[in-house]
$ cat entry-v9.csv   # CSV, C-alpha atoms
chain,number,residue,atom,x,y,z
A,42,MET,CA,56.2,92.1,88.3
A,43,ASN,CA,59.8,92.2,87.2
A,44,SER,CA,62.2,92.1,90.2
A,45,ASP,CA,63.9,95.3,88.9
A,46,GLU,CA,60.6,97.0,89.2
A,47,SER,CA,59.8,95.8,92.7
A,48,THR,CA,59.2,98.4,95.4
A,49,ALA,CA,59.4,98.3,99.1
A,50,PRO,CA,56.3,97.3,101.1
A,51,PRO,CA,54.1,100.2,102.1
A,52,GLY,CA,55.4,102.0,105.2
A,53,SER,CA,58.9,100.6,104.8
A,54,ALA,CA,61.9,103.0,104.7
A,55,THR,CA,63.8,100.6,102.4
A,56,PRO,CA,64.2,102.0,98.9
A,57,ALA,CA,63.2,99.9,95.9
A,58,THR,CA,65.8,97.3,94.9
A,59,SER,CA,66.2,98.9,91.5
A,60,THR,CA,67.0,102.2,93.1
A,61,LEU,CA,69.7,100.6,95.3
A,62,ARG,CA,71.3,99.0,92.2
A,63,GLU,CA,71.2,102.2,90.3
A,64,SER,CA,73.0,104.0,93.1
A,65,ALA,CA,75.6,101.3,93.1
A,66,ARG,CA,76.0,101.6,89.3
A,67,ARG,CA,76.4,105.3,89.5
A,68,THR,CA,79.1,104.9,92.2
A,69,LEU,CA,81.0,102.5,90.1
A,70,ARG,CA,80.7,104.6,87.0
A,71,ILE,CA,82.1,107.7,88.8
A,72,GLU,CA,85.0,105.7,90.2
A,73,GLU,CA,85.7,104.1,86.8
A,74,GLN,CA,85.9,107.6,85.3
A,75,ALA,CA,88.2,108.7,88.1
A,76,ILE,CA,90.6,105.9,87.4
A,77,ALA,CA,90.5,106.4,83.6
A,78,ALA,CA,91.3,110.1,84.1
A,79,LEU,CA,94.6,109.2,85.8
A,80,LYS,CA,96.1,107.8,82.6
A,81,GLY,CA,96.2,111.2,80.9
A,82,ARG,CA,98.0,112.8,83.9
A,83,LEU,CA,100.9,110.4,84.1
A,84,ASP,CA,104.0,112.5,83.2
A,85,SER,CA,107.6,113.0,84.1
A,86,HIS,CA,106.7,113.2,87.7
A,87,PHE,CA,105.6,109.6,87.7
A,88,ASP,CA,109.0,108.7,86.1
A,89,ARG,CA,110.8,110.7,88.8
A,90,ALA,CA,108.8,109.0,91.6
A,91,CYS,CA,109.8,105.6,90.2
A,92,GLU,CA,113.4,106.6,89.9
A,93,LEU,CA,113.6,107.8,93.5
A,94,MET,CA,112.1,104.6,94.7
A,95,LEU,CA,114.4,102.4,92.6
A,96,ALA,CA,117.4,104.3,93.8
A,97,CYS,CA,116.3,104.2,97.5
A,98,GLN,CA,118.9,102.5,99.7
A,99,GLY,CA,116.5,102.3,102.6
A,100,ARG,CA,112.7,101.9,102.7
A,101,VAL,CA,109.8,103.7,101.1
A,102,VAL,CA,107.9,105.2,104.0
A,103,VAL,CA,104.2,105.8,103.2
A,104,THR,CA,102.1,108.1,105.2
A,105,GLY,CA,98.7,109.7,105.2
A,106,MET,CA,95.9,110.7,107.6
A,107,GLY,CA,92.4,109.4,107.9
A,108,LYS,CA,91.1,107.6,104.8
A,109,SER,CA,94.3,108.5,103.0
A,110,GLY,CA,96.1,106.8,105.8
A,111,HIS,CA,94.2,103.6,105.2
A,112,VAL,CA,95.1,103.7,101.5
A,113,ALA,CA,98.7,104.5,102.4
A,114,GLY,CA,98.9,101.4,104.5
A,115,LYS,CA,97.6,99.3,101.6
A,116,ILE,CA,100.1,100.9,99.2
A,117,ALA,CA,103.0,100.2,101.6
A,118,ALA,CA,101.9,96.5,101.9
A,119,THR,CA,101.6,96.2,98.1
A,120,LEU,CA,105.1,97.7,97.6
A,121,ALA,CA,106.6,95.5,100.2
A,122,SER,CA,105.2,92.3,98.6
A,123,THR,CA,106.3,93.2,95.1
A,124,GLY,CA,110.0,93.9,95.7
A,125,THR,CA,110.0,97.5,97.1
A,126,PRO,CA,110.7,97.4,100.9
A,127,ALA,CA,108.1,99.8,102.4
A,128,PHE,CA,106.2,100.4,105.6
A,129,PHE,CA,103.5,102.8,106.9
A,130,VAL,CA,104.1,105.6,109.4
A,131,HIS,CA,101.2,107.5,110.9
A,132,PRO,CA,101.9,111.2,110.4
A,133,GLY,CA,100.5,112.2,113.8
A,134,GLU,CA,102.8,109.7,115.5
A,135,ALA,CA,105.7,110.8,113.4
A,136,SER,CA,105.6,114.3,115.0
A,137,HIS,CA,105.8,112.7,118.4
A,138,GLY,CA,108.8,110.4,118.0
A,139,ASP,CA,108.1,108.1,115.1
A,140,LEU,CA,110.0,110.4,112.7
A,141,GLY,CA,113.0,108.6,114.1
A,142,MET,CA,112.0,105.7,111.9
A,143,ILE,CA,112.8,107.8,108.8
A,144,THR,CA,116.4,108.1,107.6
A,145,PRO,CA,118.1,110.1,104.8
A,146,GLY,CA,118.4,106.9,102.8
A,147,ASP,CA,114.6,106.4,102.7
A,148,VAL,CA,112.0,107.9,100.4
A,149,VAL,CA,108.7,109.3,101.8
A,150,LEU,CA,105.4,108.9,99.9
A,151,ALA,CA,102.8,111.2,101.4
A,152,LEU,CA,99.1,111.0,100.6
A,153,SER,CA,96.7,113.8,101.1
A,154,ASN,CA,93.7,114.6,98.9
A,155,SER,CA,93.8,118.3,99.7
A,156,GLY,CA,97.5,118.5,100.0
A,157,GLU,CA,97.0,120.6,103.1
A,158,THR,CA,96.5,118.0,105.8
A,159,ALA,CA,98.1,119.5,108.9
A,160,GLU,CA,99.7,116.4,110.3
A,161,VAL,CA,101.3,115.6,106.9
A,162,THR,CA,102.5,119.1,106.0
A,163,ALA,CA,104.0,119.4,109.5
A,164,LEU,CA,106.6,116.8,108.4
A,165,LEU,CA,107.9,118.9,105.5
A,166,PRO,CA,110.5,121.0,107.3
A,167,LEU,CA,111.7,117.9,109.2
A,168,LEU,CA,112.1,115.8,106.0
A,169,LYS,CA,113.9,118.7,104.3
A,170,ARG,CA,116.3,118.9,107.3
A,171,ILE,CA,117.3,115.3,107.2
A,172,GLY,CA,117.4,115.3,103.4
A,173,THR,CA,114.8,112.5,102.7
A,174,PRO,CA,113.3,112.7,99.2
A,175,LEU,CA,109.5,113.3,99.2
A,176,ILE,CA,106.9,112.0,96.7
A,177,SER,CA,103.4,113.5,97.2
A,178,MET,CA,100.1,112.1,96.0
A,179,THR,CA,97.4,114.7,96.2
A,180,GLY,CA,94.3,115.9,94.4
A,181,ARG,CA,95.7,119.5,94.1
A,182,PRO,CA,98.9,120.1,92.2
A,183,GLU,CA,99.1,123.7,93.6
A,184,SER,CA,98.8,122.5,97.2
A,185,THR,CA,101.5,122.9,99.9
A,186,LEU,CA,102.4,119.2,99.9
A,187,ALA,CA,102.6,119.1,96.1
A,188,ARG,CA,104.8,122.2,95.8
A,189,HIS,CA,107.4,121.0,98.3
A,190,ALA,CA,107.7,117.4,96.9
A,191,ASP,CA,110.5,116.1,94.7
A,192,ALA,CA,107.8,114.4,92.6
A,193,HIS,CA,104.1,115.0,92.6
A,194,LEU,CA,101.5,112.4,91.5
A,195,ASP,CA,98.1,114.0,90.6
A,196,ALA,CA,95.3,111.8,92.0
A,197,GLY,CA,92.6,114.4,91.7
A,198,VAL,CA,89.1,113.5,90.8
A,199,GLU,CA,86.3,115.6,89.3
A,200,ARG,CA,83.9,114.6,92.1
A,201,GLU,CA,83.4,112.0,94.8
A,202,ALA,CA,80.9,109.2,94.3
A,203,CYS,CA,79.2,110.4,97.4
A,204,PRO,CA,76.1,112.4,96.4
A,205,LEU,CA,77.1,115.1,98.9
A,206,ASP,CA,80.6,115.2,97.2
A,207,LEU,CA,82.0,114.9,100.7
A,208,ALA,CA,82.9,111.3,101.7
A,209,PRO,CA,86.2,110.1,100.3
A,210,THR,CA,85.2,107.6,97.7
A,211,ALA,CA,86.4,108.2,94.1
A,212,SER,CA,89.4,110.0,95.5
A,213,THR,CA,90.6,107.1,97.6
A,214,THR,CA,89.9,104.7,94.8
A,215,ALA,CA,92.0,106.8,92.4
A,216,ALA,CA,94.9,107.0,95.0
A,217,LEU,CA,94.7,103.2,95.5
A,218,ALA,CA,94.9,102.6,91.8
A,219,LEU,CA,97.8,105.1,91.4
A,220,GLY,CA,99.6,103.2,94.2
A,221,ASP,CA,99.1,99.9,92.4
A,222,ALA,CA,100.4,101.6,89.2
A,223,LEU,CA,103.6,102.6,91.0
A,224,ALA,CA,104.1,99.1,92.5
A,225,VAL,CA,103.7,97.3,89.2
A,226,ALA,CA,105.9,99.7,87.3
A,227,LEU,CA,108.6,99.2,90.0
A,228,LEU,CA,108.0,95.4,89.9
A,229,GLU,CA,108.6,95.3,86.2
A,230,ALA,CA,111.6,97.6,86.4
A,231,ARG,CA,113.3,95.4,89.0
A,232,GLY,CA,112.6,92.2,87.0
A,233,PHE,CA,110.6,90.9,89.9
A,234,THR,CA,109.7,87.2,89.3
A,235,ALA,CA,107.0,84.8,90.6
A,236,GLU,CA,109.7,83.1,92.7
A,237,ASP,CA,110.6,86.5,94.3
A,238,PHE,CA,107.0,87.0,95.1
A,239,ALA,CA,106.8,83.6,96.7
A,240,LEU,CA,109.8,84.5,99.0
A,241,SER,CA,107.7,87.2,100.6
A,242,HIS,CA,104.6,84.9,100.7
A,243,PRO,CA,106.0,81.6,102.1
A,244,GLY,CA,102.7,80.8,103.9
A,245,GLY,CA,100.5,81.2,100.8
A,246,SER,CA,99.7,78.5,98.2
A,247,LEU,CA,101.8,80.3,95.6
A,248,GLY,CA,104.8,80.3,98.0
A,249,LYS,CA,104.5,76.6,98.6
A,250,ARG,CA,104.2,75.9,94.9
A,251,LEU,CA,107.3,77.9,94.1
A,252,LEU,CA,109.5,77.3,97.1
A,253,LEU,CA,109.0,73.7,98.1
A,254,ARG,CA,111.2,71.2,96.3
A,255,VAL,CA,111.0,67.4,96.0
A,256,SER,CA,113.8,67.0,98.6
A,257,ASP,CA,111.7,68.9,101.2
A,258,LEU,CA,108.9,66.4,101.0
A,259,MET,CA,110.3,63.0,100.0
A,260,HIS,CA,110.6,59.9,102.2
A,261,GLN,CA,114.1,58.7,102.6
A,262,GLY,CA,116.3,56.4,104.6
A,263,GLU,CA,114.3,53.5,106.1
A,264,ARG,CA,111.1,55.0,104.6
A,265,LEU,CA,112.4,54.4,101.0
A,266,PRO,CA,110.8,51.3,99.5
A,267,SER,CA,113.4,49.2,97.7
A,268,VAL,CA,114.1,45.6,96.7
A,269,PRO,CA,117.0,44.1,94.7
A,270,LEU,CA,116.7,42.7,91.2
A,271,GLY,CA,115.7,39.0,91.2
A,272,SER,CA,113.6,39.3,94.4
A,273,PRO,CA,110.6,37.1,94.5
A,274,LEU,CA,107.4,39.0,93.7
A,275,ARG,CA,106.2,38.2,97.3
A,276,ASP,CA,109.1,40.3,98.7
A,277,ALA,CA,108.2,43.2,96.5
A,278,LEU,CA,104.6,43.0,97.7
A,279,LEU,CA,105.6,42.9,101.3
A,280,GLU,CA,107.9,46.0,100.8
A,281,ILE,CA,105.0,47.9,99.2
A,282,THR,CA,102.7,47.0,102.1
A,283,ARG,CA,105.4,47.8,104.7
A,284,GLN,CA,106.1,51.3,103.4
A,285,GLY,CA,102.6,52.2,102.3
A,286,LEU,CA,103.6,54.3,99.4
A,287,GLY,CA,102.0,52.2,96.7
A,288,PHE,CA,105.2,51.2,95.0
A,289,THR,CA,108.8,49.9,95.5
A,290,CYS,CA,112.0,50.7,93.7
A,291,VAL,CA,113.9,47.8,92.1
A,292,VAL,CA,117.7,48.3,92.2
A,293,ASP,CA,120.7,46.4,90.8
A,294,GLU,CA,123.9,45.5,92.6
A,295,GLN,CA,125.2,49.1,92.3
A,296,ASN,CA,122.0,50.3,93.9
A,297,ARG,CA,120.9,52.0,90.6
A,298,LEU,CA,117.2,52.2,89.9
A,299,ILE,CA,116.3,49.7,87.2
A,300,GLY,CA,112.5,49.9,87.5
A,301,VAL,CA,109.5,50.2,89.8
A,302,TYR,CA,106.7,47.9,90.9
A,303,THR,CA,103.4,49.5,91.7
A,304,ASP,CA,99.9,48.8,92.9
A,305,GLY,CA,98.9,49.2,89.2
A,306,ASP,CA,101.5,46.7,88.1
A,307,LEU,CA,100.0,44.2,90.6
A,308,ARG,CA,96.6,44.5,89.1
A,309,ARG,CA,98.1,43.9,85.6
A,310,THR,CA,100.0,40.9,87.0
A,311,LEU,CA,96.9,39.4,88.5
A,312,ASP,CA,95.1,39.8,85.1
A,313,GLN,CA,98.0,38.1,83.2
A,314,HIS,CA,99.3,35.4,85.5
A,315,HIS,CA,97.4,32.7,87.4
A,316,ASP,CA,100.4,31.5,89.5
A,317,LEU,CA,102.4,34.3,91.2
A,318,SER,CA,104.6,32.0,93.3
A,319,GLN,CA,107.2,31.5,90.6
A,320,LEU,CA,107.4,35.1,89.5
A,321,THR,CA,110.3,37.5,90.4
A,322,VAL,CA,109.9,41.2,90.4
A,323,ASP,CA,112.0,41.4,87.3
A,324,ASP,CA,109.3,39.6,85.3
A,325,VAL,CA,106.5,42.1,86.0
A,326,MET,CA,108.1,45.5,87.0
A,327,THR,CA,107.9,48.7,84.9
A,328,ARG,CA,111.2,49.6,83.3
A,329,PRO,CA,112.7,52.1,83.7
A,330,GLY,CA,110.0,53.7,85.9
A,331,LYS,CA,109.1,57.3,86.3
A,332,ARG,CA,111.7,59.2,88.3
A,333,ILE,CA,112.5,62.7,89.4
A,334,ALA,CA,115.5,64.7,90.8
A,335,PRO,CA,115.5,66.0,94.4
A,336,ASP,CA,116.0,69.7,93.4
A,337,VAL,CA,113.0,69.8,91.2
A,338,LEU,CA,110.0,72.0,92.3
A,339,ALA,CA,107.3,70.0,94.0
A,340,ALA,CA,104.8,71.6,91.6
A,341,GLU,CA,106.7,69.9,88.7
A,342,ALA,CA,106.3,66.6,90.5
A,343,VAL,CA,102.5,67.2,90.6
A,344,ARG,CA,102.5,67.9,86.9
A,345,MET,CA,104.5,64.7,86.2
A,346,MET,CA,102.1,62.6,88.3
A,347,GLU,CA,99.0,64.0,86.7
A,348,ASP,CA,100.4,63.6,83.1
A,349,ASN,CA,101.3,60.0,83.7
A,350,LEU,CA,98.3,59.1,85.9
A,351,ILE,CA,100.5,57.9,88.8
A,352,THR,CA,100.5,58.7,92.5
A,353,ALA,CA,104.2,58.2,93.4
A,354,LEU,CA,107.7,58.9,92.1
A,355,ALA,CA,111.1,57.5,92.8
A,356,VAL,CA,113.6,60.3,93.6
A,357,VAL,CA,117.1,59.6,92.2
A,358,ASP,CA,120.5,61.4,92.3
A,359,GLU,CA,122.7,62.1,89.3
A,360,ALA,CA,124.1,58.6,89.3
A,361,GLY,CA,120.6,57.1,89.2
A,362,HIS,CA,120.6,55.9,92.8
A,363,PRO,CA,117.2,56.1,94.5
A,364,ILE,CA,117.5,58.5,97.4
A,365,GLY,CA,113.8,59.1,98.2
A,366,ALA,CA,110.1,58.5,97.4
A,367,LEU,CA,107.4,61.0,96.8
A,368,HIS,CA,103.7,60.3,97.1
A,369,MET,CA,100.7,62.5,96.0
A,370,HIS,CA,99.6,62.5,99.6
A,371,ASP,CA,102.8,64.3,100.6
A,372,LEU,CA,102.0,67.0,98.1
A,373,LEU,CA,98.4,67.3,99.3
A,374,ARG,CA,99.5,67.6,103.0
A,375,SER,CA,102.0,70.3,102.1
A,376,GLY,CA,99.5,72.5,100.4
A,377,VAL,CA,101.2,72.4,97.0
A,378,ILE,CA,98.0,71.1,95.5

$ encode --input "entry-v9.csv" --output "structure tokens"
Amino acid sequence: MNSDESTAPPGSATPATSTLRESARRTLRIEEQAIAALKGRLDSHFDRACELMLACQGRVVVTGMGKSGHVAGKIAATLASTGTPAFFVHPGEASHGDLGMITPGDVVLALSNSGETAEVTALLPLLKRIGTPLISMTGRPESTLARHADAHLDAGVEREACPLDLAPTASTTAALALGDALAVALLEARGFTAEDFALSHPGGSLGKRLLLRVSDLMHQGERLPSVPLGSPLRDALLEITRQGLGFTCVVDEQNRLIGVYTDGDLRRTLDQHHDLSQLTVDDVMTRPGKRIAPDVLAAEAVRMMEDNLITALAVVDEAGHPIGALHMHDLLRSGVI
């Protein structure tokens, strides 16, 4: 029997697997249609909402009750992480003191599917009194909240995915999608960049890739492996072993980087020379050696190492003096890769 045709064991209350999947597909189909319908309703009110947020000198205060409140919290978080300072205020708490968080320089984005939620509409006269612009997001353009807003976003749906047409499902999905549309439109209008995003996500992997620079991770001072030109190969090997970074810098009398000697160079040396005792590091080092500047992003150092199949880099200043050493292990520990 095909798995799609399987049925529950006799006496079990569990529906057939195919029935469960069909229910899920129907839900997704209804929510897909709800989101698609939003595109045809975007009008000058959407532009006005964006203009109010872009001109806002304070914060975008997002509010909503119940399931709309949960969506409002997510919208506030998305706005805040994409360049539009925002936070969530519970409408019930706002009427009992938290309205003090809202100032005339803010913009309020209020969510209510019916547009008649008592805790939200109770804020209308207070917002009008302090002069805070109001953007509403409802499913009923003729509702109280919509009529009193400076800009209204129509998030109405034909029906909920719930077969009883009661539980907020398609309507919350539509509101969430419309909130994302607002956030992305504002992001693009502000010229928000990946580096800007990283500044508000310093703990994430993207933040580390875009914020950490070579100078933040390099070994320096006594931890910088270095030997002068003309050093016996033995001294270079001792320096590599002492510092444990897999290479050493080779510098001239002005302390300029002339080349590097690496673990890989040692293997080649052993293949090509039977007697190492008479060799100097000059005879077998790699010239001029891969190098990188301290202000380069750590992610660029990763790319350079991968492209050249190496595990360490000398860090040099503008005059070519080695000032640090960076190893792949440092990049791994930092979370850049």

$ atom_distance --input "entry-v9.csv" --atom1 "atom CA of A:Thr123" --atom2 "atom CA of A:Ala192"
21.4 Å

$ atom_distance --input "entry-v9.csv" --atom1 "atom CA of A:Met326" --atom2 "atom CA of A:Ser256"
25.1 Å

$ residues_around --input "entry-v9.csv" --residues "A:Glu157" --least-positions-apart "6" --cutoff "7 Å" --atoms "all atoms listed in the file" --output "ChimeraX atom specification"
/A:184-186

$ residues_near_point --input "entry-v9.csv" --point "(115.6, 100.8, 103.1)" --cutoff "7 Å" --atoms "only C-alpha atoms" --output "list in words"
Cys97, Gln98, Gly99, Arg100, Val101, Pro126, Gly146 and Asp147 of chain A

$ write_last_selection --input "entry-v9.csv" --atoms "C-alpha atoms" --output "mmCIF file, in the frame of the given file"
data_model
loop_
_atom_site.group_PDB
_atom_site.id
_atom_site.type_symbol
_atom_site.label_atom_id
_atom_site.label_comp_id
_atom_site.auth_asym_id
_atom_site.auth_seq_id
_atom_site.Cartn_x
_atom_site.Cartn_y
_atom_site.Cartn_z
ATOM 1 C CA CYS A 97 116.300 104.200 97.500
ATOM 2 C CA GLN A 98 118.900 102.500 99.700
ATOM 3 C CA GLY A 99 116.500 102.300 102.600
ATOM 4 C CA ARG A 100 112.700 101.900 102.700
ATOM 5 C CA VAL A 101 109.800 103.700 101.100
ATOM 6 C CA PRO A 126 110.700 97.400 100.900
ATOM 7 C CA GLY A 146 118.400 106.900 102.800
ATOM 8 C CA ASP A 147 114.600 106.400 102.700
#

$ atom_distance --input "entry-v9.csv" --atom1 "atom CA of A:Thr173" --atom2 "atom CA of A:Pro209"
28.8 Å

$ residues_around --input "entry-v9.csv" --residues "A:Asp336" --least-positions-apart "6" --cutoff "10 Å" --atoms "all atoms listed in the file" --output "number ranges by chain"
A: 253-257, 356, 358

$ closest_residue --input "entry-v9.csv" --among "A:Met259, A:Ala340, A:Ala211, A:Leu367" --to "A:Thr352" --atoms "only C-alpha atoms"
A:Leu367

$ residues_around --input "entry-v9.csv" --residues "stretch 296-301 of chain A" --least-positions-apart "4" --cutoff "6 Å" --atoms "all atoms listed in the file" --output "compact mmCIF listing (two decimals) with C-alpha atoms, keeping the file's coordinate frame"
# COMPACT_ATOMS: atom_id res chain seq x y z
CA THR A 289 108.80 49.90 95.50
CA CYS A 290 112.00 50.70 93.70
CA VAL A 291 113.90 47.80 92.10
CA VAL A 292 117.70 48.30 92.20
CA MET A 326 108.10 45.50 87.00
CA THR A 327 107.90 48.70 84.90
CA ARG A 328 111.20 49.60 83.30
CA PRO A 329 112.70 52.10 83.70
CA GLY A 330 110.00 53.70 85.90
CA GLY A 361 120.60 57.10 89.20
CA HIS A 362 120.60 55.90 92.80
